[in-house]
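Peer 1: Have a peek at final_33.txt (compact mmCIF, C-alpha atoms).
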# COMPACT_ATOMS: atom_id res chain seq x y z
CA MET H 646 104.55 176.54 92.12
CA THR H 647 105.27 177.12 95.80
CA THR H 648 104.68 180.84 95.32
CA VAL H 649 101.37 180.23 93.54
CA THR H 650 100.27 177.89 96.34
CA ILE H 651 101.13 180.56 98.91
CA VAL H 652 99.20 183.26 97.03
CA LEU H 653 96.18 180.90 96.86
CA MET H 654 96.49 180.24 100.60
CA GLY H 655 96.51 183.99 101.19
CA ALA H 656 93.42 184.41 99.00
CA VAL H 657 91.57 181.61 100.81
CA THR H 658 92.47 183.02 104.22
CA PHE H 659 91.40 186.54 103.27
CA ALA H 660 88.13 185.22 101.86
CA LEU H 661 87.38 183.49 105.17
CA ARG H 662 88.10 186.68 107.13
CA PHE H 663 86.24 189.01 104.77
CA CYS H 664 83.19 186.88 103.94
CA PHE H 665 80.91 188.49 106.55
CA PHE H 666 82.48 191.94 106.26
CA GLY H 667 80.62 192.57 103.03
CA PRO H 668 79.52 189.73 100.76
CA LEU H 669 77.48 187.71 103.28
CA LYS H 670 75.12 188.52 106.10
CA PRO H 671 75.40 186.31 109.21
CA GLU H 672 71.59 186.13 109.38
CA ARG H 673 71.56 184.12 106.14
CA LEU H 674 73.92 181.39 107.34
CA PRO H 675 72.36 177.91 107.05
CA GLY H 676 71.78 176.38 110.46
CA GLY H 677 73.87 173.26 109.77
CA ILE H 678 77.04 175.17 108.90
CA GLU H 679 76.57 177.51 111.83
CA ARG H 680 76.29 174.52 114.17
CA ALA H 681 79.45 172.90 112.79
CA LEU H 682 81.72 175.95 113.10
CA PRO H 683 82.48 175.80 116.85
CA TYR H 684 83.80 172.24 116.48
CA VAL H 685 86.24 172.96 113.67
CA MET H 686 88.94 174.41 115.92
CA PRO H 687 89.14 171.57 118.53
CA ALA H 688 88.81 168.90 115.83
CA VAL H 689 91.54 170.23 113.55
CA LEU H 690 93.99 171.01 116.35
CA MET H 691 93.61 167.59 117.93
CA ALA H 692 93.87 165.94 114.50
CA ILE H 693 97.28 167.62 114.20
CA ILE H 694 98.47 167.04 117.76
CA VAL H 695 97.53 163.38 118.38
CA PRO H 696 99.30 161.66 115.45
CA SER H 697 102.37 163.92 115.73
CA VAL H 698 102.79 163.24 119.43
CA VAL H 699 101.87 159.54 119.48
CA LEU H 700 103.95 158.65 116.41
CA ALA H 701 106.99 160.74 117.41
CA PRO H 702 110.21 158.69 117.42
CA ALA H 703 110.88 157.05 120.79
CA PRO H 704 114.25 157.75 122.45
CA ASP H 705 117.09 155.31 121.72
CA ASP H 706 117.69 154.51 125.37
CA GLY H 707 114.93 154.11 127.90
CA PRO H 708 111.47 152.61 127.52
CA GLY H 709 109.61 153.33 124.30
CA TRP H 710 106.47 154.65 126.00
CA LEU H 711 108.51 157.37 127.73
CA SER H 712 108.68 159.58 124.64
CA PRO H 713 109.30 163.25 125.51
CA TYR H 714 106.60 164.21 123.02
CA LEU H 715 104.01 162.09 124.80
CA VAL H 716 105.05 163.20 128.30
CA GLY H 717 105.11 166.87 127.25
CA ALA H 718 101.70 166.67 125.63
CA LEU H 719 100.16 164.87 128.62
CA ALA H 720 101.58 167.52 130.96
CA GLY H 721 100.09 170.28 128.81
CA PHE H 722 96.66 168.63 128.76
CA GLY H 723 96.91 167.90 132.49
CA VAL H 724 97.49 171.56 133.32
CA GLY H 725 94.87 172.50 130.75
CA VAL H 726 92.21 170.60 132.68
CA PHE H 727 92.59 173.13 135.51
CA LYS H 728 93.80 176.25 133.71
CA LYS H 729 92.29 176.04 130.26
CA ASP H 730 92.34 179.78 129.63
CA ASN H 731 95.96 180.29 130.66
CA PHE H 732 97.71 179.78 127.34
CA PHE H 733 101.24 180.45 128.54
CA LEU H 734 100.97 178.20 131.60
CA VAL H 735 99.77 175.27 129.47
CA PHE H 736 102.42 175.99 126.84
CA ALA H 737 105.22 176.31 129.43
CA SER H 738 104.18 173.13 131.31
CA ALA H 739 104.21 171.10 128.11
CA VAL H 740 107.61 172.45 127.06
CA ALA H 741 109.06 171.98 130.56
CA ALA H 742 107.87 168.36 130.80
CA PHE H 743 109.20 167.71 127.31
CA ALA H 744 112.62 169.17 128.16
CA LEU H 745 112.83 167.32 131.49
CA THR H 746 112.02 163.98 129.89
CA LYS H 747 114.41 164.59 127.03
CA PHE H 748 117.45 165.70 128.99
CA LEU H 749 117.13 163.86 132.28
CA LEU H 750 116.57 160.42 130.81
CA MET I 992 71.28 207.05 115.69
CA SER I 993 74.30 208.11 117.72
CA THR I 994 75.23 211.76 117.58
CA SER I 995 79.00 211.86 117.43
CA SER I 996 80.44 214.23 119.99
CA THR I 997 82.05 216.61 117.52
CA PRO I 998 84.67 218.33 119.69
CA ALA I 999 85.98 215.05 121.10
CA ARG I 1000 86.32 213.33 117.74
CA PRO I 1001 90.02 213.81 116.85
CA VAL I 1002 90.99 213.26 120.49
CA SER I 1003 89.00 210.02 120.63
CA ARG I 1004 90.63 208.76 117.41
CA GLY I 1005 94.12 209.30 118.82
CA ARG I 1006 93.11 207.63 122.06
CA GLU I 1007 91.80 204.60 120.19
CA VAL I 1008 95.14 204.29 118.37
CA ARG I 1009 97.17 204.61 121.56
CA THR I 1010 94.98 202.16 123.49
CA GLY I 1011 95.15 199.71 120.60
CA LEU I 1012 98.93 199.84 120.53
CA ARG I 1013 99.10 199.46 124.32
CA ASP I 1014 96.74 196.47 124.43
CA ALA I 1015 98.44 194.70 121.53
CA THR I 1016 102.01 195.08 122.86
CA PRO I 1017 102.05 192.00 125.17
CA LEU I 1018 100.39 189.90 122.49
CA ALA I 1019 102.89 191.03 119.86
CA LEU I 1020 105.77 190.22 122.22
CA GLY I 1021 104.25 186.81 122.97
CA ALA I 1022 104.00 186.07 119.24
CA LEU I 1023 107.67 186.92 118.56
CA PRO I 1024 109.05 183.42 119.46
CA PHE I 1025 106.50 181.82 117.15
CA GLY I 1026 107.50 184.16 114.34
CA LEU I 1027 111.16 183.29 114.93
CA LEU I 1028 110.31 179.60 115.00
CA PHE I 1029 108.26 179.86 111.82
CA GLY I 1030 111.06 181.69 110.00
CA ALA I 1031 113.58 179.06 111.08
CA VAL I 1032 111.28 176.13 110.19
CA ALA I 1033 110.61 177.65 106.75
CA GLN I 1034 114.34 178.14 106.16
CA GLN I 1035 114.98 174.53 107.19
CA ALA I 1036 112.20 173.35 104.89
CA ASP I 1037 114.14 174.96 101.99
CA LEU I 1038 111.57 177.64 101.34
CA SER I 1039 113.00 180.76 99.68
CA LEU I 1040 113.15 184.04 101.61
CA LEU I 1041 110.51 185.48 99.26
CA ASP I 1042 108.11 182.55 99.82
CA THR I 1043 108.64 182.67 103.58
CA MET I 1044 107.90 186.40 103.76
CA LEU I 1045 104.94 185.98 101.40
CA LEU I 1046 103.48 183.34 103.72
CA SER I 1047 103.69 185.68 106.70
CA ALA I 1048 102.50 188.68 104.67
CA LEU I 1049 99.57 187.03 102.87
CA VAL I 1050 98.37 184.29 105.22
CA ASN I 1051 99.18 186.17 108.45
CA GLY I 1052 98.33 183.21 110.69
CA GLY I 1053 100.94 181.12 112.52
CA SER I 1054 99.29 177.70 112.69
CA ALA I 1055 98.25 177.63 109.03
CA GLN I 1056 101.71 178.79 107.92
CA MET I 1057 103.48 176.21 110.05
CA ILE I 1058 101.33 173.33 108.81
CA ALA I 1059 101.52 174.46 105.19
CA THR I 1060 105.31 174.67 105.40
CA GLY I 1061 105.48 171.11 106.69
CA LEU I 1062 103.12 169.89 103.99
CA MET I 1063 105.02 171.64 101.20
CA ALA I 1064 108.34 170.33 102.53
CA SER I 1065 107.00 166.76 102.39
CA GLY I 1066 105.94 167.25 98.77
CA THR I 1067 102.20 167.55 99.32
CA VAL I 1068 100.18 168.33 96.19
CA TRP I 1069 99.17 172.01 96.06
CA PHE I 1070 95.40 171.67 96.37
CA VAL I 1071 95.72 169.64 99.58
CA VAL I 1072 97.94 172.42 100.99
CA VAL I 1073 95.35 175.07 100.09
CA ALA I 1074 92.46 172.91 101.35
CA THR I 1075 94.27 172.25 104.64
CA CYS I 1076 94.87 176.00 105.00
CA LEU I 1077 91.15 176.48 104.45
CA VAL I 1078 90.30 173.99 107.18
CA VAL I 1079 92.85 175.35 109.65
CA ASN I 1080 91.64 178.93 109.12
CA MET I 1081 87.94 178.05 109.02
CA ARG I 1082 87.49 179.55 112.49
CA HIS I 1083 88.04 183.02 111.00
CA VAL I 1084 84.58 182.77 109.43
CA PHE I 1085 83.30 182.85 112.97
CA TYR I 1086 85.24 186.01 113.82
CA SER I 1087 84.04 187.61 110.59
CA ALA I 1088 80.42 186.81 111.38
CA ALA I 1089 80.75 187.99 114.98
CA LEU I 1090 82.19 191.42 114.05
CA SER I 1091 80.06 191.84 110.93
CA ALA I 1092 77.54 194.24 112.45
CA LYS I 1093 80.30 196.43 113.95
CA VAL I 1094 82.03 197.18 110.65
CA ARG I 1095 79.08 197.24 108.24
CA HIS I 1096 78.93 201.06 108.21
CA LEU I 1097 82.61 201.45 107.24
CA PRO I 1098 83.82 202.05 103.66
CA THR I 1099 85.01 198.99 101.69
CA LEU I 1100 88.71 199.80 102.05
CA TRP I 1101 88.38 199.91 105.84
CA ARG I 1102 86.57 196.56 105.90
CA VAL I 1103 89.21 195.00 103.65
CA VAL I 1104 92.05 196.23 105.85
CA LEU I 1105 90.35 195.14 109.07
CA ALA I 1106 89.56 191.67 107.65
CA TYR I 1107 93.17 191.31 106.51
CA GLY I 1108 94.44 191.74 110.06
CA LEU I 1109 91.74 189.66 111.75
CA ILE I 1110 93.95 187.06 113.44
CA ASP I 1111 92.88 185.22 116.62
CA ALA I 1112 94.41 187.72 119.05
CA ILE I 1113 92.98 190.71 117.17
CA TYR I 1114 89.53 189.14 117.22
CA VAL I 1115 89.71 188.85 121.00
CA LEU I 1116 90.86 192.49 121.40
CA ALA I 1117 88.30 193.83 118.92
CA ALA I 1118 85.41 191.92 120.45
CA LYS I 1119 86.25 193.33 123.89
CA ARG I 1120 86.67 196.89 122.56
CA TYR I 1121 83.29 196.87 120.84
CA GLU I 1122 81.71 195.35 123.93
CA ILE I 1123 82.92 198.27 126.05
CA ALA I 1124 81.43 200.69 123.52
CA ASP I 1125 78.08 198.98 124.15
CA GLY I 1126 76.64 199.57 120.71
CA ARG I 1127 77.70 203.23 120.41
CA ARG I 1128 79.36 203.85 117.08
CA GLY I 1129 82.75 205.45 117.64
CA GLN I 1130 86.31 205.25 116.42
CA GLN I 1131 86.97 201.67 117.52
CA HIS I 1132 88.13 200.72 114.03
CA TRP I 1133 91.20 202.88 114.68
CA TYR I 1134 91.88 200.78 117.77
CA VAL I 1135 91.60 197.54 115.76
CA LEU I 1136 93.76 198.96 112.95
CA ALA I 1137 96.53 200.05 115.33
CA ALA I 1138 96.57 196.72 117.16
CA SER I 1139 96.55 194.76 113.86
CA LEU I 1140 99.41 196.81 112.43
CA LEU I 1141 101.54 196.24 115.50
CA MET I 1142 100.93 192.49 115.39
CA TYR I 1143 101.63 192.46 111.64
CA VAL I 1144 104.93 194.34 111.93
CA GLY I 1145 106.03 192.07 114.80
CA TRP I 1146 105.06 188.96 112.86
CA LEU I 1147 106.88 190.01 109.67
CA SER I 1148 110.06 191.09 111.44
CA SER I 1149 110.27 187.98 113.64
CA THR I 1150 109.73 185.81 110.54
CA LEU I 1151 112.61 187.60 108.82
CA VAL I 1152 114.95 187.25 111.80
CA GLY I 1153 114.00 183.59 112.22
CA PHE I 1154 114.73 182.91 108.56
CA LEU I 1155 118.10 184.69 108.64
CA PHE I 1156 119.20 182.82 111.80
CA GLY I 1157 117.52 179.56 110.87
CA LYS I 1158 120.86 177.77 110.59
CA ASP I 1159 121.79 178.80 114.12
CA VAL I 1160 118.46 177.51 115.33
CA THR I 1161 119.18 174.12 113.73
CA ARG I 1162 122.65 174.01 115.22
CA ILE I 1163 121.00 173.85 118.62
CA ASP I 1164 118.50 171.33 117.30
CA GLY I 1165 117.83 168.46 119.64
CA LEU I 1166 116.19 171.06 121.81
CA GLY I 1167 113.07 169.76 120.09
CA LEU I 1168 111.93 173.08 118.72
CA ASP I 1169 109.25 171.25 116.76
CA PHE I 1170 107.61 170.31 120.04
CA ALA I 1171 107.04 174.04 120.67
CA ILE I 1172 104.54 173.92 117.79
CA TYR I 1173 102.57 171.10 119.39
CA ALA I 1174 102.74 172.83 122.78
CA THR I 1175 101.28 175.93 121.11
CA TYR I 1176 98.41 173.91 119.67
CA ILE I 1177 97.79 172.23 123.01
CA GLY I 1178 97.60 175.67 124.65
CA LEU I 1179 95.13 176.79 121.99
CA VAL I 1180 93.05 173.62 121.95
CA VAL I 1181 92.43 173.40 125.69
CA SER I 1182 90.94 176.90 125.57
CA CYS I 1183 88.47 175.57 122.95
CA PHE I 1184 87.30 172.82 125.27
CA THR I 1185 84.39 174.85 126.58
CA SER I 1186 81.79 172.06 126.45
CA LYS I 1187 81.53 168.27 126.50
CA ARG I 1188 80.84 168.27 122.79
CA ALA I 1189 83.89 170.42 122.01
CA VAL I 1190 86.05 167.90 123.91
CA ALA I 1191 84.35 165.07 122.03
CA ALA I 1192 85.09 166.84 118.71
CA GLY I 1193 88.75 166.95 119.71
CA LEU I 1194 88.87 163.30 120.78
CA VAL I 1195 87.10 162.08 117.63
CA GLY I 1196 89.31 164.27 115.42
CA GLY I 1197 92.48 163.11 117.14
CA ALA I 1198 91.55 159.41 117.08
CA LEU I 1199 90.49 159.50 113.44
CA ALA I 1200 93.63 161.38 112.38
CA LEU I 1201 95.74 158.76 114.15
CA ALA I 1202 93.83 155.95 112.43
CA LEU I 1203 94.06 157.65 109.02
CA HIS I 1204 97.64 158.91 109.25
CA ARG I 1205 98.78 156.59 106.46
CA LEU I 1206 96.54 158.28 103.87
CA PRO I 1207 98.60 160.11 101.22
CA TYR I 1208 99.33 163.86 101.20
CA GLN I 1209 98.31 164.26 104.83
CA SER I 1210 94.70 164.01 103.68
CA GLY I 1211 93.90 162.07 106.87
CA LEU I 1212 93.99 165.41 108.73
CA PHE I 1213 91.36 166.86 106.44
CA CYS I 1214 89.11 163.77 106.53
CA ALA I 1215 89.38 163.42 110.31
CA THR I 1216 88.49 167.09 110.87
CA LEU I 1217 85.56 166.94 108.50
CA ALA I 1218 84.20 163.71 110.01
CA ALA I 1219 84.60 164.93 113.60
CA THR I 1220 82.99 168.30 112.87
CA VAL I 1221 80.02 166.81 111.03
CA THR I 1222 79.51 164.17 113.74
CA LEU I 1223 79.43 166.80 116.47
CA ALA I 1224 77.15 169.12 114.51
CA LEU I 1225 74.70 166.22 114.12
CA TRP I 1226 75.00 165.44 117.83
CA GLU I 1227 74.25 169.05 118.70
CA GLY I 1228 71.29 169.02 116.31
CA ARG I 1229 69.88 165.96 118.07
CA ALA I 1230 70.55 167.43 121.50
CA ARG I 1231 68.66 170.59 120.53
CA ALA I 1232 65.73 168.50 119.34
CA ASP I 1233 65.75 166.60 122.65
CA ASP I 1234 65.86 169.93 124.46
CA CYS I 1235 62.43 170.81 123.16
CA THR I 1236 60.82 167.67 124.55
CA PRO I 1237 59.72 167.91 128.20
CA GLY I 1238 61.66 165.92 130.75
CA SER I 1239 64.84 165.75 128.66
CA PRO I 1240 68.13 165.40 130.54
CA GLU I 1241 69.97 168.58 131.37
CA GLN I 1242 72.06 169.91 128.52
CA GLU I 1243 75.46 171.46 128.88
CA PRO I 1244 75.88 174.94 127.41
CA THR I 1245 76.72 175.05 123.71
CA ALA I 1246 80.28 175.62 122.60
CA LYS I 1247 79.81 179.18 121.51
CA GLY I 1248 82.14 181.27 123.62
Can I see the file as structure tokens?
Peer 2:
Amino acid sequence: MTTVTIVLMGAVTFALRFCFFGPLKPERLPGGIERALPYVMPAVLMAIIVPSVVLAPAPDDGPGWLSPYLVGALAGFGVGVFKKDNFFLVFASAVAAFALTKFLL
Amino acid sequence: MSTSSTPARPVSRGREVRTGLRDATPLALGALPFGLLFGAVAQQADLSLLDTMLLSALVNGGSAQMIATGLMASGTVWFVVVATCLVVNMRHVFYSAALSAKVRHLPTLWRVVLAYGLIDAIYVLAAKRYEIADGRRGQQHWYVLAASLLMYVGWLSSTLVGFLFGKDVTRIDGLGLDFAIYATYIGLVVSCFTSKRAVAAGLVGGALALALHRLPYQSGLFCATLAATVTLALWEGRARADDCTPGSPEQEPTAKG
């Protein structure tokens, strides 16, 4: 079953990548769908990040709000405000803040 | 309309391949840790080696693979896994539409192969390469093919190594390797925040997903994304309508990058 699911995922992904390389013409896209597309990426990524980070288990010792997941994420977003196109700087800041909180406290 | 410069043709093809490989090298190196991490996560989630390699070979997209692995490990029903993969990879429709005019003249097999490799990083490289060409039809598809192949080989081999050494990765668990996934998404999502409405889409999606996290089979993720996307599309529709009326407040640029 897992293998079938994976093959279906592959088919779905390929269909999304190929749809305008042959079957469809971008000119024929309905306006509503076209308008929604740019918001899919921020919405889905934040829908993954927020619950995972907020609901992450708090450390045994130390205050509950000082979760490394929360601190790391806030650091990443903080750097992202100023350097939103620097993927590795945002990534590294988040990981560094996470590691500092986790191992120093 | 373009007359191909006949003597330069084979030379240009080779140059496209070399430039493609050169441009993709840093991106392929940067993707290696994520491939390793994915392989290790899949091994820890009790996926078989075949299924793990199939995921990397067929889906060829880190975030979708990582999320699907987590969903499958927590016993999510198959159609929610496939639907979530659809949502996570929905952005590729955008890439496909954007490059459509550049590949329309190519034979079907070429278009299939190029679509197969059209991951985020390749879209960025391809879009830049075609922009340089400035509408002249050349051998850029060789550039895209070479870059895609390099990324693909790097992705498959790092997945394999990650799977084989997955146990070693767990032995040093407590490093919080799972946080690396969220840090990756944070790095990706801040680059999407190109307008007020894109930020709002993220905030609505995040808040809704948090509120709905108790829904079964992780379907809260799907519902939150759908609701946030539709809300923002309606908002943009209204803002465009307001734009046409005189004396409307200044609008920020739309999220299309």
Peer 1: Within 7 Å of chain I, which residues of chain H are there when counting all atoms listed in the file? Please give them as a PyMOL selection string.
Peer 2: chain H and resi 648+650-655+657-659+661-666+671+680-696+714+718+721-722+725+729-730+732+735-736+739-740
Peer 1: Rounded to one decimal in Å, what is the spacing between atom CA of H:Val716 and atom CA of I:Asp1159?
Peer 2: 26.9 Å
Peer 1: I'd like the interatomic distance between atom CA of H:Lys670 and atom CA of I:Ala1124, to a tenth of an Å.
Peer 2: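 Here the two named atoms are 22.2 Å from each other.
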Peer 1: Neighbours of H:Ala703 within 8 Å (only C-alpha atoms; same-chain residues fewer than 3 positions away dropped), as a list in words?
Peer 2: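 Final neighbour list, sorted by chain and number: Gly709, Trp710, Leu711, Ser712 and Pro713 of chain H.
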Peer 1: Using all atoms listed in the file, determine which residues lie at most 7 Å from I:Trp1133, disregarding the query and same-chain residues fewer than 3 positions distant; provide the list as a ChimeraX atom specification.
Peer 2: /I:1004,1007-1008,1130,1136-1137
Peer 1: Taking only C-alpha atoms, show stretch 1073-1139 of chain I of the given structure as a short mmCIF file (atom, residue, chain, number, x, y, z; two decimals), in the first residue's frame.
Peer 2:
data_model
loop_
_atom_site.label_atom_id
_atom_site.label_comp_id
_atom_site.auth_asym_id
_atom_site.auth_seq_id
_atom_site.Cartn_x
_atom_site.Cartn_y
_atom_site.Cartn_z
CA VAL I 1073 -1.71 11.99 -1.86
CA ALA I 1074 -3.94 15.06 -1.40
CA THR I 1075 -1.39 16.68 0.94
CA CYS I 1076 1.33 15.98 -1.63
CA LEU I 1077 -0.88 17.70 -4.20
CA VAL I 1078 -1.26 20.76 -1.98
CA VAL I 1079 2.42 20.94 -1.06
CA ASN I 1080 3.48 20.66 -4.72
CA MET I 1081 0.74 22.94 -6.06
CA ARG I 1082 3.32 25.69 -6.64
CA HIS I 1083 4.80 23.63 -9.48
CA VAL I 1084 1.74 24.51 -11.57
CA PHE I 1085 3.05 28.04 -11.44
CA TYR I 1086 6.49 27.02 -12.70
CA SER I 1087 4.88 24.94 -15.43
CA ALA I 1088 2.74 27.86 -16.58
CA ALA I 1089 5.66 30.29 -16.44
CA LEU I 1090 7.97 28.15 -18.63
CA SER I 1091 5.19 26.90 -20.91
CA ALA I 1092 5.97 29.21 -23.82
CA LYS I 1093 9.70 28.38 -23.69
CA VAL I 1094 9.27 24.63 -24.17
CA ARG I 1095 6.21 24.49 -26.44
CA HIS I 1096 8.32 23.94 -29.57
CA LEU I 1097 10.15 20.91 -28.12
CA PRO I 1098 9.17 17.28 -28.83
CA THR I 1099 6.98 15.52 -26.23
CA LEU I 1100 9.82 13.46 -24.76
CA TRP I 1101 11.84 16.60 -24.08
CA ARG I 1102 8.88 18.29 -22.38
CA VAL I 1103 8.24 15.19 -20.25
CA VAL I 1104 11.87 15.02 -19.13
CA LEU I 1105 12.07 18.75 -18.39
CA ALA I 1106 8.79 18.67 -16.41
CA TYR I 1107 10.05 15.68 -14.42
CA GLY I 1108 13.06 17.63 -13.19
CA LEU I 1109 11.23 20.91 -12.58
CA ILE I 1110 11.99 21.34 -8.87
CA ASP I 1111 12.10 24.77 -7.18
CA ALA I 1112 15.82 25.35 -7.74
CA ILE I 1113 15.65 24.25 -11.38
CA TYR I 1114 12.74 26.61 -12.00
CA VAL I 1115 14.83 29.51 -10.73
CA LEU I 1116 17.84 28.54 -12.91
CA ALA I 1117 15.70 27.90 -16.00
CA ALA I 1118 13.77 31.15 -15.67
CA LYS I 1119 17.04 33.12 -15.47
CA ARG I 1120 18.58 31.24 -18.42
CA TYR I 1121 15.62 31.92 -20.68
CA GLU I 1122 15.56 35.54 -19.56
CA ILE I 1123 19.17 35.99 -20.70
CA ALA I 1124 18.26 34.51 -24.08
CA ASP I 1125 15.67 37.28 -24.38
CA GLY I 1126 13.21 35.35 -26.51
CA ARG I 1127 15.78 33.88 -28.92
CA ARG I 1128 15.22 30.17 -29.35
CA GLY I 1129 18.45 28.32 -28.63
CA GLN I 1130 19.73 25.27 -26.84
CA GLN I 1131 18.66 26.32 -23.34
CA HIS I 1132 16.81 23.04 -22.82
CA TRP I 1133 20.22 21.37 -22.70
CA TYR I 1134 21.17 23.73 -19.88
CA VAL I 1135 17.99 22.85 -17.95
CA LEU I 1136 18.48 19.12 -18.61
CA ALA I 1137 22.09 19.14 -17.37
CA ALA I 1138 21.22 21.11 -14.23
CA SER I 1139 18.20 18.85 -13.50
#
